[in-house]
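Student: Contents of data_38.txt (compact mmCIF, C-alpha atoms) are below:
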```txt
# COMPACT_ATOMS: atom_id res chain seq x y z
CA MET A 11 78.75 12.53 -40.28
CA ALA A 12 76.24 10.86 -42.60
CA TYR A 13 78.77 9.84 -45.23
CA SER A 14 81.35 8.77 -42.64
CA SER A 15 78.85 6.43 -41.01
CA ALA A 16 77.46 5.06 -44.28
CA LYS A 17 80.45 4.95 -46.64
CA ILE A 18 83.57 4.47 -44.53
CA ASP A 19 84.40 0.89 -43.62
CA PRO A 20 85.98 1.03 -40.15
CA THR A 21 87.90 -2.18 -40.92
CA SER A 22 89.66 -0.66 -43.95
CA SER A 23 93.21 0.68 -43.68
CA SER A 24 93.86 4.09 -42.16
CA PHE A 25 95.30 5.27 -45.49
CA HIS A 26 92.16 4.26 -47.40
CA GLN A 27 89.96 6.03 -44.86
CA PHE A 28 92.11 9.18 -45.05
CA LEU A 29 92.10 9.07 -48.86
CA SER A 30 88.30 8.75 -48.90
CA HIS A 31 87.89 11.76 -46.61
CA PHE A 32 90.46 13.74 -48.59
CA ILE A 33 88.74 13.07 -51.93
CA TYR A 34 85.38 14.03 -50.42
CA ASN A 35 86.86 17.36 -49.32
CA VAL A 36 88.43 17.98 -52.73
CA GLY A 37 84.93 17.61 -54.21
CA ARG A 38 83.53 20.00 -51.61
CA ILE A 39 86.21 22.61 -52.32
CA SER A 40 85.62 22.21 -56.08
CA ALA A 41 81.99 23.20 -55.55
CA TYR A 42 83.05 26.21 -53.46
CA ILE A 43 85.43 27.40 -56.19
CA ILE A 44 82.67 27.18 -58.81
CA LEU A 45 80.34 29.16 -56.54
CA GLY A 46 83.13 31.66 -55.84
CA ILE A 47 83.58 32.28 -59.55
CA LEU A 48 79.85 32.81 -60.03
CA PHE A 49 79.37 35.10 -57.04
CA GLY A 50 82.60 37.01 -57.71
CA ALA A 51 81.45 37.63 -61.28
CA LEU A 52 78.02 38.68 -59.99
CA GLY A 53 79.64 41.06 -57.54
CA SER A 54 81.62 42.68 -60.33
CA LEU A 55 78.33 44.03 -61.69
CA PHE A 56 77.99 46.18 -58.58
CA THR A 57 81.44 47.76 -58.56
CA PHE A 58 80.92 50.50 -61.10
CA SER A 59 80.88 53.20 -58.43
CA ALA A 60 81.41 53.58 -54.69
CA TYR A 61 77.75 54.64 -54.39
CA VAL A 62 76.40 51.45 -55.99
CA SER A 63 78.93 49.33 -54.06
CA GLY A 64 77.69 50.97 -50.86
CA TYR A 65 74.14 49.79 -51.52
CA PHE A 66 75.42 46.31 -52.33
CA TYR A 67 77.39 46.11 -49.08
CA PHE A 68 74.44 47.44 -47.09
CA PHE A 69 71.91 44.93 -48.42
CA ALA A 70 74.43 42.06 -48.33
CA GLY A 71 75.00 42.89 -44.66
CA ILE A 72 71.26 42.85 -43.94
CA VAL A 73 70.92 39.46 -45.64
CA MET A 74 73.82 38.10 -43.57
CA VAL A 75 72.20 39.29 -40.34
CA LEU A 76 68.99 37.50 -41.38
CA MET A 77 71.01 34.37 -42.18
CA GLY A 78 72.63 34.44 -38.76
CA LEU A 79 69.29 34.87 -37.00
CA SER A 80 67.85 32.05 -39.09
CA MET A 81 70.75 29.74 -38.15
CA MET A 82 70.05 30.52 -34.48
CA GLY A 83 66.44 29.51 -34.97
CA LYS A 84 65.12 33.01 -34.32
CA MET A 85 63.37 33.17 -37.70
CA LYS A 86 62.72 31.00 -40.78
CA PHE A 87 64.52 33.12 -43.36
CA LEU A 88 66.45 30.17 -44.80
CA THR A 89 64.35 27.18 -43.81
CA SER A 90 62.14 27.01 -46.90
CA LEU A 91 65.05 27.62 -49.27
CA GLU A 92 67.17 24.92 -47.67
CA SER A 93 64.30 22.44 -47.57
CA ASN A 94 63.35 23.03 -51.21
CA ILE A 95 66.93 22.48 -52.40
CA ALA A 96 68.20 19.78 -50.05
CA PHE A 97 65.02 17.68 -50.25
CA HIS A 98 64.35 18.07 -53.98
CA PRO A 99 63.56 14.59 -55.41
CA LEU A 100 66.46 14.74 -57.90
CA ILE A 101 68.94 15.82 -55.24
CA LYS A 102 67.72 13.08 -52.89
CA LYS A 103 68.06 10.47 -55.65
CA ILE A 104 71.63 11.50 -56.53
CA PHE A 105 72.58 11.72 -52.85
CA SER A 106 71.13 8.27 -52.15
CA HIS A 107 73.11 6.76 -55.04
CA LEU A 108 76.37 8.38 -53.96
CA ILE A 109 75.98 7.56 -50.27
CA HIS A 110 75.50 3.86 -51.06
CA THR A 111 78.39 3.62 -53.54
CA LYS A 112 81.79 2.72 -52.13
CA THR A 113 84.12 3.83 -54.96
CA LEU A 114 86.59 6.66 -54.36
CA VAL A 115 85.02 8.61 -57.23
CA SER A 116 81.71 8.57 -55.37
CA PHE A 117 83.39 10.40 -52.48
CA TYR A 118 84.34 13.21 -54.85
CA GLY A 119 80.80 13.31 -56.27
CA LEU A 120 79.29 13.40 -52.79
CA GLY A 121 81.62 16.21 -51.72
CA LEU A 122 80.78 18.15 -54.88
CA LEU A 123 77.05 17.74 -54.27
CA ASN A 124 77.26 18.71 -50.61
CA GLY A 125 79.30 21.77 -51.54
CA PHE A 126 76.31 23.11 -53.46
CA LEU A 127 73.77 22.43 -50.70
CA PRO A 128 72.66 25.34 -48.47
CA CYS A 129 74.91 26.10 -45.50
CA GLY A 130 75.08 29.20 -43.34
CA LEU A 131 78.88 29.46 -43.24
CA VAL A 132 79.06 29.03 -47.02
CA TYR A 133 76.57 31.92 -47.41
CA PHE A 134 78.87 34.08 -45.31
CA PHE A 135 81.90 33.45 -47.51
CA LEU A 136 79.88 33.69 -50.73
CA ALA A 137 78.88 37.21 -49.67
CA THR A 138 82.57 37.95 -49.14
CA ALA A 139 83.35 36.49 -52.58
CA ALA A 140 80.65 38.67 -54.15
CA THR A 141 81.99 41.83 -52.53
CA SER A 142 85.44 41.08 -54.01
CA GLY A 143 84.02 42.14 -57.38
CA SER A 144 86.14 39.59 -59.25
CA ALA A 145 85.55 36.02 -60.42
CA ILE A 146 89.20 35.16 -59.73
CA GLN A 147 89.21 36.70 -56.26
CA GLY A 148 85.84 35.10 -55.56
CA ALA A 149 87.24 31.69 -56.51
CA LEU A 150 90.32 32.32 -54.35
CA THR A 151 88.17 33.36 -51.38
CA MET A 152 86.12 30.17 -51.57
CA ALA A 153 89.19 28.00 -52.18
CA LEU A 154 90.86 29.42 -49.06
CA PHE A 155 87.64 28.89 -47.09
CA GLY A 156 87.47 25.28 -48.24
CA MET A 157 91.14 24.56 -47.49
CA ALA A 158 90.89 26.25 -44.08
CA THR A 159 87.98 23.99 -43.14
CA MET A 160 89.63 20.84 -44.50
CA PRO A 161 91.57 19.93 -41.31
CA ALA A 162 88.38 20.15 -39.24
CA MET A 163 86.39 18.20 -41.82
CA LEU A 164 89.06 15.50 -42.05
CA GLY A 165 89.09 15.25 -38.28
CA LEU A 166 85.31 15.12 -38.24
CA GLY A 167 85.39 11.81 -40.07
CA TYR A 168 87.43 10.27 -37.27
CA VAL A 169 85.41 11.62 -34.33
CA VAL A 170 81.89 11.18 -35.66
CA GLY A 171 80.73 9.58 -32.43
CA PHE A 172 81.77 12.54 -30.30
CA LEU A 173 80.33 15.17 -32.61
CA LYS A 174 76.97 13.46 -32.74
CA GLY A 175 76.41 15.10 -29.38
CA SER A 176 73.84 17.84 -29.93
CA VAL A 177 75.30 20.17 -27.26
CA PHE A 178 78.62 20.61 -29.09
CA ARG A 179 76.92 21.01 -32.46
CA GLU A 180 74.46 23.60 -31.15
CA LEU A 181 77.28 25.56 -29.54
CA MET A 182 79.23 25.70 -32.81
CA ILE A 183 76.15 26.75 -34.78
CA LYS A 184 75.38 29.57 -32.36
CA LEU A 185 78.98 30.77 -32.41
CA ALA A 186 79.05 30.76 -36.22
CA SER A 187 75.67 32.54 -36.31
CA LEU A 188 76.93 35.27 -34.00
CA ILE A 189 80.03 35.83 -36.14
CA ILE A 190 77.88 36.10 -39.28
CA ILE A 191 75.52 38.59 -37.60
CA VAL A 192 78.39 40.78 -36.35
CA TYR A 193 80.08 40.79 -39.76
CA GLY A 194 76.73 41.49 -41.44
CA ILE A 195 76.22 44.54 -39.19
CA TYR A 196 79.74 45.72 -40.06
CA MET A 197 79.12 45.29 -43.81
CA SER A 198 75.86 47.21 -43.56
CA TYR A 199 77.64 49.99 -41.71
CA VAL A 200 80.36 50.18 -44.38
CA GLY A 201 77.70 50.29 -47.10
CA PHE A 202 75.67 52.94 -45.29
CA ALA A 203 78.77 55.08 -44.75
CA ALA A 204 79.65 54.85 -48.45
CA VAL A 205 76.12 55.87 -49.54
CA ALA A 206 75.89 58.69 -46.99
CA ARG A 207 79.05 60.41 -48.21
```
So that I can check it, write out the structure of this file as structure tokens.
Tutor:
Amino acid sequence: MAYSSAKIDPTSSSFHQFLSHFIYNVGRISAYIILGILFGALGSLFTFSAYVSGYFYFFAGIVMVLMGLSMMGKMKFLTSLESNIAFHPLIKKIFSHLIHTKTLVSFYGLGLLNGFLPCGLVYFFLATAATSGSAIQGALTMALFGMATMPAMLGLGYVVGFLKGSVFRELMIKLASLIIIVYGIYMSYVGFAAVAR
């Protein structure tokens, strides 16, 4: 919503606006793929045995439950981490430069930067990428996540006014948080079952 309001000229052609949003999303997905490679490779370190994988699944599930509760505002598990990263002076300086630049390349840079910033749904899929135990599968998981969210993100740029409503946003956050918590509980159960065998 921030970049749509600040960078998109409503008087420009529909094609130029679409292209700007598309390039932003390509940058965002690029960041997700890089993270998928890193987390998939990290996950491969924990796939030597079903026993070790069980512990990994169990603790990853616990972390996801904490993330979901934090997104709901029930605890501050992620608040300090997100604040330290998102409001770091260097990040703020780069973001400020990109948000005030109108070139198409700046849209890619902004999408790339935002892709690396903390986000609850991204955490969820990064955990999935890590449990794949493969850098390639991790990259594929994050690429699919990014492409699946692209239609909604493209549409977001055109309905910024409507989505500024806090009720809709809060509803979506709570729904996403609940899904993350449920999946986290399931992952912990799978991990516990593997360790208990």
Student: I'd like the contact shell of region 186-191 of chain A - 12 Å cut-off, only C-alpha atoms, skipping same-chain residues fewer than 4 positions apart - returned as an MDAnalysis selection string.
Tutor: chainID A and resid 70:84 129:138 179:182 195:198
Student: Out of A:Ile18, A:Val62, A:Ile101, A:Ala41, which residue has the shortest atom-to-atom distance to Ala206 (chain A) when counting all atoms listed in the file?
Tutor: A:Val62
Student: List the spatial neighbours of region 107-110 of chain A as a list in words - criterion: any atom at most 6 Å away, all atoms listed in the file, same-chain residues fewer than 3 positions off excluded.
Tutor: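 The neighbour list is Ile104, Ser116 and Leu120 of chain A.
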Student: How would the residues just picked look written out with C-alpha atoms as an mmCIF file, in the coordinates of the input?
Tutor:
```cif
data_model
loop_
_atom_site.group_PDB
_atom_site.id
_atom_site.type_symbol
_atom_site.label_atom_id
_atom_site.label_comp_id
_atom_site.auth_asym_id
_atom_site.auth_seq_id
_atom_site.Cartn_x
_atom_site.Cartn_y
_atom_site.Cartn_z
ATOM 1 C CA ILE A 104 71.630 11.500 -56.530
ATOM 2 C CA SER A 116 81.710 8.570 -55.370
ATOM 3 C CA LEU A 120 79.290 13.400 -52.790
#
```
Student: Find the distance between CA of Gly53 (chain A) and CA of Ala145 (chain A) and write it in Å to one decimal.
Tutor: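 One can read the CA of Gly53 (chain A) to CA of Ala145 (chain A) distance as 8.3 Å.
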Student: Please compute the CA of Leu185 (chain A)-CA of Leu122 (chain A) distance, one decimal, in Å.
Tutor: 25.8 Å
Student: Separation of CA of Phe25 (chain A) and CA of Ala162 (chain A), in Å?
Tutor: 17.6 Å
Student: Using only C-alpha atoms for the distances, tell me which of A:Tyr67, A:Phe28, A:Tyr42, A:Phe126 is nearest to Met157 (chain A).
Tutor: A:Tyr42
Student: Between A:Gly143, A:Gly64, A:Gly125, A:Gly165, which one has atoms that come closest to Gln27 (chain A), using all atoms listed in the file?
Tutor: A:Gly165
Student: Could you name the residues that touch Leu150 (chain A) at 9 Å or less, counting all atoms listed in the file, but leaving out those on the same chain fewer than 2 positions away, as a VMD selection string?
Tutor: chain A and resid 43 46 to 47 139 145 to 148 152 to 155
Student: Give the answer as one residue: which of A:Gly121, A:Pro99, A:Pro20, A:Gly50 has the shortest atom-to-atom distance to Val36 (chain A), using all atoms listed in the file?
Tutor: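 Of A:Gly121, A:Pro99, A:Pro20, A:Gly50, the one nearest Val36 (chain A) is A:Gly121, counting all atoms listed in the file.
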